[in-house]
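Shown next: data37.pdb, containing PDB, C-alpha atoms.
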ATOM      1  CA  MET A   1       0.000   0.000   0.000
ATOM      2  CA  ALA A   2       1.367   3.392  -0.980
ATOM      3  CA  GLU A   3       0.972   6.495   1.147
ATOM      4  CA  LEU A   4       0.292   9.972  -0.165
ATOM      5  CA  VAL A   5       2.028  12.341   2.243
ATOM      6  CA  ALA A   6       1.580  16.114   2.170
ATOM      7  CA  ILE A   7       3.788  18.310   4.347
ATOM      8  CA  GLY A   8       2.807  21.967   4.513
ATOM      9  CA  TYR A   9       5.196  24.814   5.280
ATOM     10  CA  PRO A  10       4.444  28.425   6.300
ATOM     11  CA  ASP A  11       6.639  29.964   3.571
ATOM     12  CA  GLU A  12       7.298  29.605  -0.157
ATOM     13  CA  THR A  13      10.789  28.036   0.024
ATOM     14  CA  THR A  14      10.867  25.275   2.636
ATOM     15  CA  ALA A  15       9.042  22.616   0.579
ATOM     16  CA  ALA A  16      11.708  22.824  -2.152
ATOM     17  CA  ALA A  17      14.489  22.479   0.454
ATOM     18  CA  ALA A  18      12.698  19.482   1.987
ATOM     19  CA  ALA A  19      12.355  17.921  -1.497
ATOM     20  CA  GLU A  20      16.139  18.176  -1.893
ATOM     21  CA  GLU A  21      16.526  16.374   1.447
ATOM     22  CA  VAL A  22      14.153  13.659   0.171
ATOM     23  CA  LYS A  23      16.576  13.111  -2.745
ATOM     24  CA  VAL A  24      19.425  12.602  -0.244
ATOM     25  CA  LEU A  25      17.302  10.257   1.883
ATOM     26  CA  ALA A  26      16.368   8.334  -1.281
ATOM     27  CA  GLN A  27      20.045   7.890  -2.195
ATOM     28  CA  ASP A  28      20.598   6.454   1.291
ATOM     29  CA  LEU A  29      17.538   4.167   0.803
ATOM     30  CA  ILE A  30      15.860   5.678   3.879
ATOM     31  CA  ILE A  31      12.862   6.638   1.808
ATOM     32  CA  GLU A  32      11.901   5.310  -1.613
ATOM     33  CA  PRO A  33       9.466   7.779  -3.147
ATOM     34  CA  ASP A  34       7.546   6.751  -6.255
ATOM     35  CA  ALA A  35       6.809  10.401  -6.951
ATOM     36  CA  VAL A  36       7.619  13.788  -5.399
ATOM     37  CA  ALA A  37       5.961  17.139  -6.019
ATOM     38  CA  VAL A  38       6.364  20.602  -4.565
ATOM     39  CA  ILE A  39       3.586  23.142  -4.812
ATOM     40  CA  VAL A  40       4.189  26.781  -3.989
ATOM     41  CA  ARG A  41       1.363  29.265  -3.637
ATOM     42  CA  ASP A  42       2.739  32.786  -3.924
ATOM     43  CA  LYS A  43       1.384  35.778  -2.050
ATOM     44  CA  GLU A  44      -0.933  36.579  -4.988
ATOM     45  CA  GLY A  45      -2.421  33.078  -4.714
ATOM     46  CA  LYS A  46      -0.853  31.664  -7.912
ATOM     47  CA  TYR A  47       0.421  28.081  -7.892
ATOM     48  CA  LYS A  48       3.779  26.778  -9.100
ATOM     49  CA  VAL A  49       4.286  23.004  -9.264
ATOM     50  CA  THR A  50       7.578  21.108  -9.574
ATOM     51  CA  THR A  51       7.614  17.314  -9.858
ATOM     52  CA  SER A  52       9.999  14.394 -10.060
ATOM     53  CA  HIS A  53       9.140  10.721 -10.277
ATOM     54  CA  HIS A  54      10.595   7.355 -11.121
ATOM     55  CA  PRO A  55       9.950   6.178 -14.692
ATOM     56  CA  VAL A  56       9.315   2.643 -13.398
ATOM     57  CA  GLY A  57       5.800   1.209 -13.784
ATOM     58  CA  GLY A  58       3.614   4.285 -13.963
ATOM     59  CA  GLY A  59       6.085   6.284 -16.036
ATOM     60  CA  ALA A  60       4.926   9.613 -17.341
ATOM     61  CA  SER A  61       1.499   9.137 -15.784
ATOM     62  CA  TRP A  62       2.836  10.437 -12.430
ATOM     63  CA  GLY A  63       2.888  13.889 -14.007
ATOM     64  CA  MET A  64      -0.736  13.406 -14.950
ATOM     65  CA  PHE A  65      -1.484  12.108 -11.445
ATOM     66  CA  TRP A  66      -0.121  15.303  -9.887
ATOM     67  CA  GLY A  67      -2.010  17.386 -12.442
ATOM     68  CA  LEU A  68      -5.262  15.640 -11.603
ATOM     69  CA  LEU A  69      -4.642  15.702  -7.868
ATOM     70  CA  PHE A  70      -3.774  19.392  -7.765
ATOM     71  CA  GLY A  71      -6.640  20.177 -10.111
ATOM     72  CA  LEU A  72      -8.965  18.342  -7.745
ATOM     73  CA  LEU A  73      -7.513  19.927  -4.607
ATOM     74  CA  PHE A  74      -7.068  23.487  -5.768
ATOM     75  CA  PHE A  75      -9.514  23.740  -8.685
ATOM     76  CA  VAL A  76      -6.762  24.824 -11.046
ATOM     77  CA  PRO A  77      -5.650  23.123 -14.256
ATOM     78  CA  VAL A  78      -2.028  22.063 -13.754
ATOM     79  CA  PHE A  79       0.447  21.197 -16.533
ATOM     80  CA  GLY A  80      -1.949  22.625 -19.108
ATOM     81  CA  MET A  81      -4.263  19.635 -18.821
ATOM     82  CA  ALA A  82      -7.431  20.172 -20.786
ATOM     83  CA  VAL A  83     -10.696  20.131 -18.892
ATOM     84  CA  GLY A  84     -13.078  17.820 -20.702
ATOM     85  CA  ALA A  85     -15.538  14.983 -20.266
ATOM     86  CA  GLY A  86     -12.754  12.500 -19.503
ATOM     87  CA  LEU A  87     -11.340  14.687 -16.754
ATOM     88  CA  GLY A  88     -14.460  14.295 -14.617
ATOM     89  CA  ALA A  89     -14.181  10.511 -14.835
ATOM     90  CA  LEU A  90     -10.491  10.627 -13.898
ATOM     91  CA  MET A  91     -11.253  12.955 -10.980
ATOM     92  CA  GLY A  92     -13.698  10.306  -9.765
ATOM     93  CA  LYS A  93     -10.897   7.730  -9.974
ATOM     94  CA  VAL A  94      -8.633   9.983  -7.886
ATOM     95  CA  GLU A  95     -11.319  10.220  -5.217
ATOM     96  CA  LYS A  96     -11.722   6.415  -5.204
ATOM     97  CA  THR A  97      -8.015   5.927  -4.454
ATOM     98  CA  GLY A  98      -8.627   6.794  -0.817
ATOM     99  CA  ILE A  99      -7.918  10.502  -1.075
ATOM    100  CA  ASP A 100     -11.051  11.399   0.823
ATOM    101  CA  LYS A 101     -12.818  14.744   1.038
ATOM    102  CA  GLN A 102     -11.474  15.426   4.548
ATOM    103  CA  PHE A 103      -7.866  15.002   3.350
ATOM    104  CA  GLN A 104      -8.613  17.201   0.339
ATOM    105  CA  GLN A 105     -10.029  19.957   2.554
ATOM    106  CA  GLN A 106      -7.105  19.738   4.990
ATOM    107  CA  VAL A 107      -4.646  20.183   2.105
ATOM    108  CA  ARG A 108      -6.637  23.145   0.732
ATOM    109  CA  ASP A 109      -6.631  24.758   4.175
ATOM    110  CA  MET A 110      -2.895  24.143   4.531
ATOM    111  CA  VAL A 111      -1.784  25.599   1.172
ATOM    112  CA  GLN A 112      -2.656  29.269   1.539
ATOM    113  CA  PRO A 113      -1.064  32.261  -0.250
ATOM    114  CA  GLY A 114       2.598  32.605   0.774
ATOM    115  CA  THR A 115       3.027  28.904   1.665
ATOM    116  CA  SER A 116       4.361  25.712   0.094
ATOM    117  CA  ALA A 117       3.872  21.959   0.442
ATOM    118  CA  LEU A 118       5.846  18.823  -0.313
ATOM    119  CA  PHE A 119       3.870  15.842  -1.675
ATOM    120  CA  LEU A 120       5.270  12.299  -1.732
ATOM    121  CA  VAL A 121       3.900   8.972  -2.879
ATOM    122  CA  VAL A 122       5.894   6.376  -0.928
ATOM    123  CA  GLU A 123       5.718   2.632  -0.448
ATOM    124  CA  LYS A 124       8.982   1.977   1.355
ATOM    125  CA  VAL A 125      10.321   4.144   4.151
ATOM    126  CA  THR A 126      12.390   3.798   7.305
ATOM    127  CA  PRO A 127      10.073   6.002   9.403
ATOM    128  CA  ASP A 128      12.394   7.015  12.247
ATOM    129  CA  LYS A 129      15.249   8.003   9.919
ATOM    130  CA  ALA A 130      12.913   9.754   7.466
ATOM    131  CA  VAL A 131      11.348  11.761  10.292
ATOM    132  CA  GLU A 132      14.811  12.579  11.621
ATOM    133  CA  GLY A 133      15.953  13.741   8.182
ATOM    134  CA  LEU A 134      12.912  15.924   7.521
ATOM    135  CA  SER A 135      12.185  17.153  11.069
ATOM    136  CA  ARG A 136      14.506  20.149  10.777
ATOM    137  CA  PHE A 137      12.091  21.621   8.214
ATOM    138  CA  GLY A 138       9.088  21.454  10.565
ATOM    139  CA  GLY A 139       5.755  21.548   8.773
ATOM    140  CA  THR A 140       2.306  20.045   9.068
ATOM    141  CA  VAL A 141       2.034  16.401   7.950
ATOM    142  CA  LEU A 142      -1.080  14.900   6.342
ATOM    143  CA  LYS A 143      -1.319  11.286   5.069
ATOM    144  CA  SER A 144      -3.744   9.316   2.940
ATOM    145  CA  SER A 145      -3.388   5.659   1.911
ATOM    146  CA  LEU A 146      -3.529   4.463  -1.679
ATOM    147  CA  SER A 147      -4.334   0.756  -1.945
ATOM    148  CA  LYS A 148      -2.406  -1.225  -4.570
ATOM    149  CA  ASP A 149      -5.623  -1.871  -6.508
ATOM    150  CA  ALA A 150      -6.710   1.759  -6.385
ATOM    151  CA  GLU A 151      -3.253   2.960  -7.428
ATOM    152  CA  LYS A 152      -3.157   0.448 -10.318
ATOM    153  CA  ASP A 153      -6.684   1.407 -11.384
ATOM    154  CA  LEU A 154      -5.755   5.088 -11.385
ATOM    155  CA  GLN A 155      -2.527   4.472 -13.324
ATOM    156  CA  GLU A 156      -4.430   2.405 -15.912
ATOM    157  CA  SER A 157      -6.985   5.183 -16.274
ATOM    158  CA  LEU A 158      -4.227   7.741 -16.778
ATOM    159  CA  HIS A 159      -2.586   5.524 -19.415
ATOM    160  CA  GLY A 160      -5.858   4.671 -21.124
ATOM    161  CA  GLY A 161      -5.307   0.942 -20.646
ATOM    162  CA  ALA A 162      -3.289  -1.616 -18.716
ATOM    163  CA  VAL A 163      -0.028  -0.497 -17.181
ATOM    164  CA  PRO A 164       2.955  -2.544 -18.345
ATOM    165  CA  ALA A 165       4.609  -4.527 -15.537
TER     166      ALA A 165
END
Rewrite the coordinates I just gave you, this time as structure tokens.
Amino acid sequence: MAELVAIGYPDETTAAAAAEEVKVLAQDLIIEPDAVAVIVRDKEGKYKVTTSHHPVGGGASWGMFWGLLFGLLFFVPVFGMAVGAGLGALMGKVEKTGIDKQFQQQVRDMVQPGTSALFLVVEKVTPDKAVEGLSRFGGTVLKSSLSKDAEKDLQESLHGGAVPA
């Protein structure tokens, strides 16, 4: 089971610094993120998203996942994704992955103008060392579980068919 973790910070720069620390922790195999995203909301309320993800399994669909997730959470089209009939169906898939309305609202409340957040999809982590590595950044931590089936279903929907093994 994968976990979607969102860590909110009270400024526009800390999430990017924490994402760099995640890269170091990943090299040390303390945390093995499937995908990482940073969202910054500037003082004018505009969003800037930066992502990185492993090309294994889901491949380029992680970019689409973040686009759909942030579109769902913040009601903004991310990565220039077109809003169409298929988007509504995919949004429904995102909601079925276990990212419930309470989690969505908590993330919306957390990412206010002048703040940033780090988002991770992780399956493998050494919790005590990961917490130790990221604790110096502070922040508010929110988690939501993604079952294997729900994650696979979402990835297949993003790809338009079965995901290659």
Which residues would end up in the selection if the PyMOL selection byres ((chain A and resi 108) around 12) were applied here, given that I need the answer as an MDAnalysis selection string? chainID A and resid 6 8 39 41 69:76 101:107 109:113 115:117 142
Residues selected by the PyMOL selection byres ((chain A and resi 12) around 8), written as a CSV table (one decimal) with C-alpha atoms, keeping the file's coordinate frame:
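The file below, expr_14.csv, is the result:
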chain,number,residue,atom,x,y,z
A,9,TYR,CA,5.2,24.8,5.3
A,10,PRO,CA,4.4,28.4,6.3
A,11,ASP,CA,6.6,30.0,3.6
A,13,THR,CA,10.8,28.0,0.0
A,14,THR,CA,10.9,25.3,2.6
A,15,ALA,CA,9.0,22.6,0.6
A,40,VAL,CA,4.2,26.8,-4.0
A,41,ARG,CA,1.4,29.3,-3.6
A,42,ASP,CA,2.7,32.8,-3.9
A,114,GLY,CA,2.6,32.6,0.8
A,115,THR,CA,3.0,28.9,1.7
A,116,SER,CA,4.4,25.7,0.1
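Shortest separation to Thr126 of chain A among A:Ala17, A:Ala2, A:Leu25, A:Ile31 occurs at residue A:Ile31, atoms counted being only C-alpha atoms.
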Do you know which residues the PyMOL selection byres ((chain A and resi 19) around 9) returns on this file, as a list in words?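 So the PyMOL selection byres ((chain A and resi 19) around 9), applied here, picks out Thr14, Ala15, Ala16, Ala17, Ala18, Glu20, Glu21, Val22, Lys23, Val24, Val36, Ala37, Val38, Leu118 and Phe119 of chain A.
Nearest-residue note for Ile99 of chain A: choosing from A:Ala26, A:Lys48, A:Ser144, A:Val5, the minimum distance belongs to A:Ser144, counting only C-alpha atoms.
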Atom CA of Gly139 of chain A and atom CA of Leu4 of chain A are how many Å apart? 15.6 Å
Rounded to one decimal place, report the atom CA of Ala35 of chain A-atom CA of Val141 of chain A distance in Å. 16.8 Å
Show me as a short mmCIF file (atom, residue, chain, number, x, y, z; two decimals) with C-alpha atoms, keeping the file's coordinate frame the residues that reach within 10 Å of (8.8, 2.6, 3.2), counting only C-alpha atoms and using the file's own coordinates.
data_model
loop_
_atom_site.label_atom_id
_atom_site.label_comp_id
_atom_site.auth_asym_id
_atom_site.auth_seq_id
_atom_site.Cartn_x
_atom_site.Cartn_y
_atom_site.Cartn_z
CA MET A 1 0.00 0.00 0.00
CA ALA A 2 1.37 3.39 -0.98
CA GLU A 3 0.97 6.50 1.15
CA LEU A 29 17.54 4.17 0.80
CA ILE A 30 15.86 5.68 3.88
CA ILE A 31 12.86 6.64 1.81
CA GLU A 32 11.90 5.31 -1.61
CA PRO A 33 9.47 7.78 -3.15
CA VAL A 122 5.89 6.38 -0.93
CA GLU A 123 5.72 2.63 -0.45
CA LYS A 124 8.98 1.98 1.36
CA VAL A 125 10.32 4.14 4.15
CA THR A 126 12.39 3.80 7.30
CA PRO A 127 10.07 6.00 9.40
CA ALA A 130 12.91 9.75 7.47
#
Any idea what the distance is between atom CA of Phe137 of chain A and atom CA of Thr50 of chain A? 18.4 Å
